[in-house]
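Since the structure comes first, as structure tokens, the remarks are kept for the end.
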Amino acid sequence: MNDKRVLVAGGAGFIGSHLCEELVQKGHDVICVDNFFTSQKSNIVHLLKMPNFELIRHDITLPLYLEVDEIYNLACPAAPGHYQYNPIKTMKTSMMGSINLLGLAKRCRAKILQASTSEVYGDPEVHPQREDYRGCVNPIGPRSCYDEGKRAAEALFMDYHRMHKVQIRIARIFNTYGPRMHPFDGRVVSNFIRQAIEQKPITIFGNGSQTRSFCFYSDLVQGLIRLMENKENFIGPVNLGNPHEFTILELAEMVQKFTGQKDPFDFKDLPVDDPCRRKPDISLAKAKLDWEPVVPLEEGLKKTIEWFKSINIDNYRAPTPNY
Ligand code: NAD
Ligand code: UDP
Ligand code: UDP
């Protein structure tokens with residue numbers, strides 16, 4: 001009998017819904033909290049019939065009183081077009097949302113995990129990125145609401161840990177993809193696949209030589225759970241991501257190969273402060289959590305393409321106009 005009460009904030013989102021699913025399958029009592037800014041009920045509708053799953057529509061910038069044992073904080077818009085739509089709200093979500101959930105964790109003596117990001121490293125000068133690298137973040141640019149919000153959240157987590165002995169975990173998540181990404185989130189994997197399926201030219205920002213390292217959702221979910229449940233009380237921050245690095249051009253070519261779309265690419269301007277290179281050093285996760293990704297990009301991309309083909313895109317509303 002597994003009777004942990006687990007709160008997943010942002011639980012209806014892309015990663016959150018897969019995490020909820022896994023926790024429900026493990027037999028935990030799962031409470032999903034979400035304001036549905038960048039997600040929709042279809043991600044979790046199949047869980048609503050489960051007796052150990054509960055859904056609360058709530059915005060984490062407001063206080064929340066529940067009795068729980070563990071909290072995963074994934075609530076935050078994650079795609080550049082989403083978090084830049086209302087940057088002040090993005091910062092509030094990271095800061096006020098973290099304070100509320102940390103207050104909840106403190107009162108309940110619950111363990112709490114923060115979904116931080118590789119964006120805390122900004123446009124990195126060291127490669128690959130290790131956890132002890134302090135980053136190169138523009139504090140006043142269009143990405144700073146997200147990057148600095150996540151950095152402030154990490155600081156808050158550490159201070160609640162030091163001051164109030166709250167049991168924390170910090171995961172620095174690198175680019176993750178898979179089924180249930182919002183088709184209109186503007187992120188590179190979802191954009192390329194949707195464009196290819198709709199027989200529209202794939203949009204490449206800049207010349208496509210910038211790199212990212214893509215982790216399939218199932219690997220990431222296992223990493224998050226291992227971090228939360230590790231018995232040594234290893235708190236992180238720890239990088240969770242796939243260390244195989246690809247250029248954006250290589251990704252586009254792969255999507256074309258798997259979809260059969262052959263249109264010439266549509267090259268557009270590179271967004272401001274777009275990081276040139278990104279690749280996690282995951283030796284800490286390997287050593288402390290015995291974790292590393294197992295799904296190669298080819299396999300994960302094929303599964304993601306199948307999912308995009310299976311959905312009716314008309315059922316999805318673009319969360320923001322600037323996707
Ligand atoms: P997502 O947009 O699908 O999920 C975020 C969820 O949070 C959505 O369901 C959204 O409605 C909800 N949300 C946003 N603001 C909220 C608020 N104020 N109150 C309650 N709910 C709110 O994105 P995702 O890719 O699943 O990302 C999940 C988390 O992981 C985010 O915190 C993100 O920063 C982090 N992360 C993701 C990636 C990635 O590549 N996917 C990389 C690094 C970090
Ligand atoms: N909080 C919450 N749920 C709880 C406990 C606290 O939402 O179960 C919020 C509370 O509104 C407060 C914040 O978390 O603003 C921080 O709580 P903390 O106890 O750290 O601060 P304090 O209440 O002393 O300001
Ligand atoms: N990108 C692109 N075409 C698109 C969407 C994104 O070339 O249609 C690029 C983007 O400029 C960035 C990379 O792909 O260099 C990853 O972008 P994404 O928004 O997915 O994530 P992030 O920049 O936050 O890693």
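How things are named: the first chain in the structure tokens is A, the next is B, and so on; residues count from 1 in each chain; ligands count from 1 in the order shown.
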
Show which residues sit within 7 Å of A:Gly13, as a VMD selection string. Count only C-alpha atoms, and ignore same-chain residues fewer than 4 positions away. chain A and resid 17 38 to 39

Using only C-alpha atoms and all ligand atoms, find each residue with an atom at most 7 Å away from ligand 3 and format the answer as a PyMOL selection string. chain A and resi 79-80+175+186-189+191-192+202-206+208+210-212+248+270-271+274-276

Next, dump the selected residues to file, keeping only N, CA and C atoms, as a PDB file, in the first residue's frame.
ATOM      1  N   ALA A  79       7.611  27.635 -22.527  1.00  0.00           N
ATOM      2  CA  ALA A  79       8.035  27.949 -23.895  1.00  0.00           C
ATOM      3  C   ALA A  79       8.261  29.463 -24.007  1.00  0.00           C
ATOM      4  N   PRO A  80       9.284  29.894 -24.754  1.00  0.00           N
ATOM      5  CA  PRO A  80       9.567  31.341 -24.828  1.00  0.00           C
ATOM      6  C   PRO A  80       8.337  32.188 -25.187  1.00  0.00           C
ATOM      7  N   ASN A 175      16.205  20.789 -22.288  1.00  0.00           N
ATOM      8  CA  ASN A 175      15.119  20.649 -23.275  1.00  0.00           C
ATOM      9  C   ASN A 175      14.516  19.240 -23.301  1.00  0.00           C
ATOM     10  N   GLY A 186       5.264  26.822 -29.753  1.00  0.00           N
ATOM     11  CA  GLY A 186       6.358  27.521 -30.438  1.00  0.00           C
ATOM     12  C   GLY A 186       7.724  26.925 -30.155  1.00  0.00           C
ATOM     13  N   ARG A 187       7.778  25.844 -29.348  1.00  0.00           N
ATOM     14  CA  ARG A 187       9.089  25.244 -29.083  1.00  0.00           C
ATOM     15  C   ARG A 187       9.543  24.484 -30.315  1.00  0.00           C
ATOM     16  N   VAL A 188      10.836  24.225 -30.363  1.00  0.00           N
ATOM     17  CA  VAL A 188      11.390  23.781 -31.631  1.00  0.00           C
ATOM     18  C   VAL A 188      10.848  22.415 -32.070  1.00  0.00           C
ATOM     19  N   VAL A 189      10.733  21.468 -31.157  1.00  0.00           N
ATOM     20  CA  VAL A 189      10.296  20.125 -31.570  1.00  0.00           C
ATOM     21  C   VAL A 189       8.833  20.159 -32.026  1.00  0.00           C
ATOM     22  N   ASN A 191       7.073  22.787 -32.986  1.00  0.00           N
ATOM     23  CA  ASN A 191       6.937  23.599 -34.203  1.00  0.00           C
ATOM     24  C   ASN A 191       7.317  22.803 -35.447  1.00  0.00           C
ATOM     25  N   PHE A 192       8.498  22.180 -35.393  1.00  0.00           N
ATOM     26  CA  PHE A 192       8.991  21.465 -36.583  1.00  0.00           C
ATOM     27  C   PHE A 192       8.035  20.333 -36.974  1.00  0.00           C
ATOM     28  N   ILE A 202       9.497  24.372 -42.604  1.00  0.00           N
ATOM     29  CA  ILE A 202      10.037  24.378 -41.240  1.00  0.00           C
ATOM     30  C   ILE A 202      10.780  25.690 -41.011  1.00  0.00           C
ATOM     31  N   THR A 203      10.462  26.371 -39.889  1.00  0.00           N
ATOM     32  CA  THR A 203      11.093  27.672 -39.608  1.00  0.00           C
ATOM     33  C   THR A 203      12.363  27.477 -38.789  1.00  0.00           C
ATOM     34  N   ILE A 204      13.483  27.879 -39.354  1.00  0.00           N
ATOM     35  CA  ILE A 204      14.747  27.785 -38.620  1.00  0.00           C
ATOM     36  C   ILE A 204      15.178  29.191 -38.231  1.00  0.00           C
ATOM     37  N   PHE A 205      15.393  29.394 -36.927  1.00  0.00           N
ATOM     38  CA  PHE A 205      15.807  30.713 -36.442  1.00  0.00           C
ATOM     39  C   PHE A 205      17.326  30.795 -36.520  1.00  0.00           C
ATOM     40  N   GLY A 206      17.838  31.869 -37.146  1.00  0.00           N
ATOM     41  CA  GLY A 206      19.279  31.981 -37.374  1.00  0.00           C
ATOM     42  C   GLY A 206      19.672  31.010 -38.476  1.00  0.00           C
ATOM     43  N   GLY A 208      20.700  27.946 -37.871  1.00  0.00           N
ATOM     44  CA  GLY A 208      20.458  26.574 -37.408  1.00  0.00           C
ATOM     45  C   GLY A 208      21.690  25.897 -36.829  1.00  0.00           C
ATOM     46  N   GLN A 210      22.976  26.704 -33.926  1.00  0.00           N
ATOM     47  CA  GLN A 210      22.878  26.625 -32.454  1.00  0.00           C
ATOM     48  C   GLN A 210      22.497  25.199 -32.070  1.00  0.00           C
ATOM     49  N   THR A 211      22.907  24.795 -30.863  1.00  0.00           N
ATOM     50  CA  THR A 211      22.658  23.408 -30.453  1.00  0.00           C
ATOM     51  C   THR A 211      21.741  23.326 -29.238  1.00  0.00           C
ATOM     52  N   ARG A 212      21.073  22.165 -29.134  1.00  0.00           N
ATOM     53  CA  ARG A 212      20.299  21.804 -27.954  1.00  0.00           C
ATOM     54  C   ARG A 212      20.465  20.294 -27.779  1.00  0.00           C
ATOM     55  N   ILE A 248      20.228  22.644 -34.495  1.00  0.00           N
ATOM     56  CA  ILE A 248      18.815  22.795 -34.845  1.00  0.00           C
ATOM     57  C   ILE A 248      18.595  22.359 -36.306  1.00  0.00           C
ATOM     58  N   LEU A 270      17.251  35.118 -35.613  1.00  0.00           N
ATOM     59  CA  LEU A 270      17.468  34.460 -34.319  1.00  0.00           C
ATOM     60  C   LEU A 270      16.889  35.356 -33.225  1.00  0.00           C
ATOM     61  N   PRO A 271      16.072  34.796 -32.304  1.00  0.00           N
ATOM     62  CA  PRO A 271      15.534  35.634 -31.218  1.00  0.00           C
ATOM     63  C   PRO A 271      16.655  36.204 -30.340  1.00  0.00           C
ATOM     64  N   ASP A 274      19.117  34.192 -27.619  1.00  0.00           N
ATOM     65  CA  ASP A 274      18.946  32.749 -27.855  1.00  0.00           C
ATOM     66  C   ASP A 274      20.289  32.049 -27.570  1.00  0.00           C
ATOM     67  N   PRO A 275      20.341  31.124 -26.600  1.00  0.00           N
ATOM     68  CA  PRO A 275      21.630  30.483 -26.292  1.00  0.00           C
ATOM     69  C   PRO A 275      22.216  29.739 -27.501  1.00  0.00           C
ATOM     70  N   CYS A 276      23.560  29.877 -27.698  1.00  0.00           N
ATOM     71  CA  CYS A 276      24.214  29.263 -28.864  1.00  0.00           C
ATOM     72  C   CYS A 276      24.394  27.757 -28.694  1.00  0.00           C
TER      73      CYS A 276
END

Give me, as a VMD selection string, the set of residues whose atoms come within 7 Å of any atom of ligand 1, counting only C-alpha atoms and all ligand atoms. chain A and resid 9 to 16 33 to 39 58 to 61 73 to 79 93 97 115 to 118 172 to 177 181 to 182

Which protein, DNA or RNA residues have an atom within 7 Å of ligand 2, counting only C-alpha atoms and all ligand atoms, as a PDB file with N, CA, C and O atoms, in the first residue's frame?
ATOM      1  N   LEU A  62      -1.456  32.336  -5.695  1.00  0.00           N
ATOM      2  CA  LEU A  62      -2.347  32.511  -4.540  1.00  0.00           C
ATOM      3  C   LEU A  62      -2.079  31.398  -3.534  1.00  0.00           C
ATOM      4  O   LEU A  62      -1.711  30.281  -3.925  1.00  0.00           O
ATOM      5  N   PRO A  63      -2.283  31.682  -2.226  1.00  0.00           N
ATOM      6  CA  PRO A  63      -2.035  30.638  -1.218  1.00  0.00           C
ATOM      7  C   PRO A  63      -2.916  29.414  -1.439  1.00  0.00           C
ATOM      8  O   PRO A  63      -3.991  29.504  -2.042  1.00  0.00           O
ATOM      9  N   LEU A  64      -2.427  28.290  -0.933  1.00  0.00           N
ATOM     10  CA  LEU A  64      -3.138  27.025  -1.131  1.00  0.00           C
ATOM     11  C   LEU A  64      -2.932  26.183   0.125  1.00  0.00           C
ATOM     12  O   LEU A  64      -1.793  25.969   0.547  1.00  0.00           O
ATOM     13  N   TYR A  65      -4.031  25.743   0.728  1.00  0.00           N
ATOM     14  CA  TYR A  65      -3.921  24.947   1.957  1.00  0.00           C
ATOM     15  C   TYR A  65      -4.391  23.532   1.689  1.00  0.00           C
ATOM     16  O   TYR A  65      -5.553  23.302   1.380  1.00  0.00           O
ATOM     17  N   LEU A  66      -3.469  22.593   1.778  1.00  0.00           N
ATOM     18  CA  LEU A  66      -3.741  21.169   1.550  1.00  0.00           C
ATOM     19  C   LEU A  66      -2.856  20.401   2.521  1.00  0.00           C
ATOM     20  O   LEU A  66      -1.887  20.947   3.037  1.00  0.00           O
ATOM     21  N   ILE A  99       7.059  30.682  -3.160  1.00  0.00           N
ATOM     22  CA  ILE A  99       6.896  31.034  -1.739  1.00  0.00           C
ATOM     23  C   ILE A  99       5.670  30.321  -1.160  1.00  0.00           C
ATOM     24  O   ILE A  99       5.734  29.737  -0.075  1.00  0.00           O
ATOM     25  N   ASN A 100       4.564  30.336  -1.907  1.00  0.00           N
ATOM     26  CA  ASN A 100       3.357  29.665  -1.398  1.00  0.00           C
ATOM     27  C   ASN A 100       3.571  28.168  -1.217  1.00  0.00           C
ATOM     28  O   ASN A 100       3.179  27.590  -0.197  1.00  0.00           O
ATOM     29  N   LEU A 101       4.199  27.544  -2.209  1.00  0.00           N
ATOM     30  CA  LEU A 101       4.391  26.086  -2.102  1.00  0.00           C
ATOM     31  C   LEU A 101       5.436  25.745  -1.044  1.00  0.00           C
ATOM     32  O   LEU A 101       5.325  24.721  -0.358  1.00  0.00           O
ATOM     33  N   LEU A 102       6.440  26.614  -0.894  1.00  0.00           N
ATOM     34  CA  LEU A 102       7.430  26.388   0.168  1.00  0.00           C
ATOM     35  C   LEU A 102       6.785  26.579   1.545  1.00  0.00           C
ATOM     36  O   LEU A 102       7.082  25.845   2.495  1.00  0.00           O
ATOM     37  N   GLY A 103       5.877  27.570   1.641  1.00  0.00           N
ATOM     38  CA  GLY A 103       5.138  27.767   2.896  1.00  0.00           C
ATOM     39  C   GLY A 103       4.299  26.539   3.214  1.00  0.00           C
ATOM     40  O   GLY A 103       4.231  26.090   4.369  1.00  0.00           O
ATOM     41  N   LEU A 104       3.674  25.990   2.190  1.00  0.00           N
ATOM     42  CA  LEU A 104       2.873  24.765   2.343  1.00  0.00           C
ATOM     43  C   LEU A 104       3.764  23.595   2.782  1.00  0.00           C
ATOM     44  O   LEU A 104       3.428  22.854   3.714  1.00  0.00           O
ATOM     45  N   LYS A 106       6.602  23.769   4.310  1.00  0.00           N
ATOM     46  CA  LYS A 106       7.081  24.044   5.670  1.00  0.00           C
ATOM     47  C   LYS A 106       6.021  23.639   6.690  1.00  0.00           C
ATOM     48  O   LYS A 106       6.316  22.943   7.660  1.00  0.00           O
ATOM     49  N   ARG A 107       4.772  24.057   6.444  1.00  0.00           N
ATOM     50  CA  ARG A 107       3.690  23.745   7.396  1.00  0.00           C
ATOM     51  C   ARG A 107       3.422  22.239   7.473  1.00  0.00           C
ATOM     52  O   ARG A 107       3.240  21.681   8.557  1.00  0.00           O
ATOM     53  N   CYS A 108       3.438  21.577   6.315  1.00  0.00           N
ATOM     54  CA  CYS A 108       3.117  20.135   6.279  1.00  0.00           C
ATOM     55  C   CYS A 108       4.342  19.262   6.516  1.00  0.00           C
ATOM     56  O   CYS A 108       4.232  18.048   6.498  1.00  0.00           O
TER      57      CYS A 108
END

Taking only C-alpha atoms into account, produce a table as JSON lines in which each residue of stretch 32-122 of chain A with an atom at most 6 Å from an atom of stretch 135-159 of chain A appears once, together with its shortest atom pair and the distance in Å to one decimal, ordered by chain and rising number.
{"residue": "A:Pro87", "atom": "CA", "partner": "A:Cys145", "partner_atom": "CA", "distance": 5.4}
{"residue": "A:Met91", "atom": "CA", "partner": "A:Gly149", "partner_atom": "CA", "distance": 5.0}
{"residue": "A:Ser94", "atom": "CA", "partner": "A:Gly149", "partner_atom": "CA", "distance": 5.3}
{"residue": "A:Met95", "atom": "CA", "partner": "A:Ala153", "partner_atom": "CA", "distance": 5.7}
{"residue": "A:Ser116", "atom": "CA", "partner": "A:Lys150", "partner_atom": "CA", "distance": 5.9}
{"residue": "A:Glu119", "atom": "CA", "partner": "A:Asp147", "partner_atom": "CA", "distance": 5.4}
{"residue": "A:Val120", "atom": "CA", "partner": "A:Asp147", "partner_atom": "CA", "distance": 5.5}
{"residue": "A:Tyr121", "atom": "CA", "partner": "A:Gly135", "partner_atom": "CA", "distance": 3.7}
{"residue": "A:Gly122", "atom": "CA", "partner": "A:Val137", "partner_atom": "CA", "distance": 4.3}

What are the closest atom pairs, with distances in Å to one decimal, for each residue of stretch 118-230 of chain A lying within 7 Å of stretch 289-293 of chain A, using only C-alpha atoms, rows by chain and rising residue number, as JSON lines?
{"residue": "A:Asp219", "atom": "CA", "partner": "A:Pro293", "partner_atom": "CA", "distance": 5.2}
{"residue": "A:Gly223", "atom": "CA", "partner": "A:Trp291", "partner_atom": "CA", "distance": 6.3}
{"residue": "A:Arg226", "atom": "CA", "partner": "A:Leu289", "partner_atom": "CA", "distance": 6.2}
{"residue": "A:Leu227", "atom": "CA", "partner": "A:Leu289", "partner_atom": "CA", "distance": 6.5}
{"residue": "A:Asn230", "atom": "CA", "partner": "A:Leu289", "partner_atom": "CA", "distance": 7.0}

Go ahead and write the selection's residues with C-alpha atoms as an mmCIF file, in the first residue's frame.
data_model
loop_
_atom_site.group_PDB
_atom_site.id
_atom_site.type_symbol
_atom_site.label_atom_id
_atom_site.label_comp_id
_atom_site.auth_asym_id
_atom_site.auth_seq_id
_atom_site.Cartn_x
_atom_site.Cartn_y
_atom_site.Cartn_z
ATOM 1 C CA ASP A 219 13.527 9.582 -19.112
ATOM 2 C CA GLY A 223 14.878 11.338 -13.138
ATOM 3 C CA ARG A 226 14.542 9.388 -8.432
ATOM 4 C CA LEU A 227 15.580 12.809 -7.241
ATOM 5 C CA ASN A 230 16.546 9.420 -3.122
#

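Closest to A:Lys279 among A:Gly241, A:Gly300, A:Gly27, A:Pro264 is A:Gly241, based on only C-alpha atoms.
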
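Neighbouring residues of A:Asp3 at 12 Å or closer, counting only C-alpha atoms and skipping chain neighbours under 3 positions away, are Val6, Leu23, Val24, Lys26, Gly27, His28, Asp29, Val30, Asn52, Val68, Asp69 and Glu70 of chain A.
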
How would the residues just chosen look if you wrote them out with C-alpha atoms as a short mmCIF file (atom, residue, chain, number, x, y, z; two decimals), in the first residue's frame?
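Produced file selection_23.cif, reproduced below:
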data_model
loop_
_atom_site.label_atom_id
_atom_site.label_comp_id
_atom_site.auth_asym_id
_atom_site.auth_seq_id
_atom_site.Cartn_x
_atom_site.Cartn_y
_atom_site.Cartn_z
CA VAL A 6 1.66 13.96 -3.71
CA LEU A 23 2.68 8.65 -9.71
CA VAL A 24 -0.93 7.44 -10.04
CA LYS A 26 2.71 3.82 -8.50
CA GLY A 27 -0.36 4.02 -6.25
CA HIS A 28 0.20 7.45 -4.70
CA ASP A 29 -2.65 9.77 -3.87
CA VAL A 30 -2.06 12.45 -6.50
CA ASN A 52 -6.21 8.17 -6.41
CA VAL A 68 0.44 16.59 1.50
CA ASP A 69 3.69 14.63 1.88
CA GLU A 70 5.47 15.59 -1.34
#

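Residue-level DSSP output for stretch 37-81 of chain A, from the backbone, shows strand (DSSP E) at Phe53, Glu54, Leu55, Ile56, Arg57, Glu70, Ile71, Tyr72 and Asn73 of chain A.
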
Output as a ChimeraX atom specification all residues of stretch 155-267 of chain A that backbone DSSP marks as helix (DSSP H, G or I). /A:155-164,188-197,217-229,248-259

Next, dump the selected residues to file, keeping only C-alpha atoms, as a PDB file, in the first residue's frame.
ATOM      1  CA  ALA A 155      17.490  30.903  -4.098  1.00  0.00           C
ATOM      2  CA  LEU A 156      14.149  30.701  -2.245  1.00  0.00           C
ATOM      3  CA  PHE A 157      14.320  26.905  -2.121  1.00  0.00           C
ATOM      4  CA  MET A 158      17.841  27.039  -0.667  1.00  0.00           C
ATOM      5  CA  ASP A 159      16.834  29.676   1.901  1.00  0.00           C
ATOM      6  CA  TYR A 160      13.766  27.727   3.075  1.00  0.00           C
ATOM      7  CA  HIS A 161      16.098  24.730   3.371  1.00  0.00           C
ATOM      8  CA  ARG A 162      18.728  26.631   5.377  1.00  0.00           C
ATOM      9  CA  MET A 163      16.327  28.698   7.519  1.00  0.00           C
ATOM     10  CA  HIS A 164      13.415  26.324   8.056  1.00  0.00           C
ATOM     11  CA  VAL A 188      11.390  23.781 -31.631  1.00  0.00           C
ATOM     12  CA  VAL A 189      10.296  20.125 -31.570  1.00  0.00           C
ATOM     13  CA  SER A 190       6.556  20.855 -31.585  1.00  0.00           C
ATOM     14  CA  ASN A 191       6.937  23.599 -34.203  1.00  0.00           C
ATOM     15  CA  PHE A 192       8.991  21.465 -36.583  1.00  0.00           C
ATOM     16  CA  ILE A 193       6.693  18.458 -36.308  1.00  0.00           C
ATOM     17  CA  ARG A 194       3.496  20.475 -36.700  1.00  0.00           C
ATOM     18  CA  GLN A 195       4.935  22.358 -39.669  1.00  0.00           C
ATOM     19  CA  ALA A 196       6.115  19.135 -41.324  1.00  0.00           C
ATOM     20  CA  ILE A 197       2.770  17.390 -40.842  1.00  0.00           C
ATOM     21  CA  TYR A 217       9.752  12.868 -21.380  1.00  0.00           C
ATOM     22  CA  SER A 218       9.835   9.301 -19.992  1.00  0.00           C
ATOM     23  CA  ASP A 219      13.527   9.582 -19.112  1.00  0.00           C
ATOM     24  CA  LEU A 220      12.952  12.928 -17.439  1.00  0.00           C
ATOM     25  CA  VAL A 221       9.999  11.708 -15.356  1.00  0.00           C
ATOM     26  CA  GLN A 222      12.137   8.834 -14.013  1.00  0.00           C
ATOM     27  CA  GLY A 223      14.878  11.338 -13.138  1.00  0.00           C
ATOM     28  CA  LEU A 224      12.459  13.609 -11.261  1.00  0.00           C
ATOM     29  CA  ILE A 225      11.060  10.718  -9.234  1.00  0.00           C
ATOM     30  CA  ARG A 226      14.542   9.388  -8.432  1.00  0.00           C
ATOM     31  CA  LEU A 227      15.580  12.809  -7.241  1.00  0.00           C
ATOM     32  CA  MET A 228      12.486  13.218  -5.068  1.00  0.00           C
ATOM     33  CA  GLU A 229      12.779   9.723  -3.588  1.00  0.00           C
ATOM     34  CA  ILE A 248      18.815  22.795 -34.845  1.00  0.00           C
ATOM     35  CA  LEU A 249      19.529  22.113 -38.526  1.00  0.00           C
ATOM     36  CA  GLU A 250      20.194  18.435 -37.745  1.00  0.00           C
ATOM     37  CA  LEU A 251      16.913  18.273 -35.830  1.00  0.00           C
ATOM     38  CA  ALA A 252      15.046  19.795 -38.791  1.00  0.00           C
ATOM     39  CA  GLU A 253      16.610  17.267 -41.173  1.00  0.00           C
ATOM     40  CA  MET A 254      15.628  14.414 -38.886  1.00  0.00           C
ATOM     41  CA  VAL A 255      12.015  15.622 -38.694  1.00  0.00           C
ATOM     42  CA  GLN A 256      11.938  15.831 -42.499  1.00  0.00           C
ATOM     43  CA  LYS A 257      13.356  12.316 -42.804  1.00  0.00           C
ATOM     44  CA  PHE A 258      10.736  10.838 -40.463  1.00  0.00           C
ATOM     45  CA  THR A 259       7.768  12.747 -41.908  1.00  0.00           C
TER      46      THR A 259
END

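Distance check against A:Asp273 using only C-alpha atoms: of A:Asp123, A:His244, A:Arg57, A:Lys200, the minimum falls on A:Asp123.
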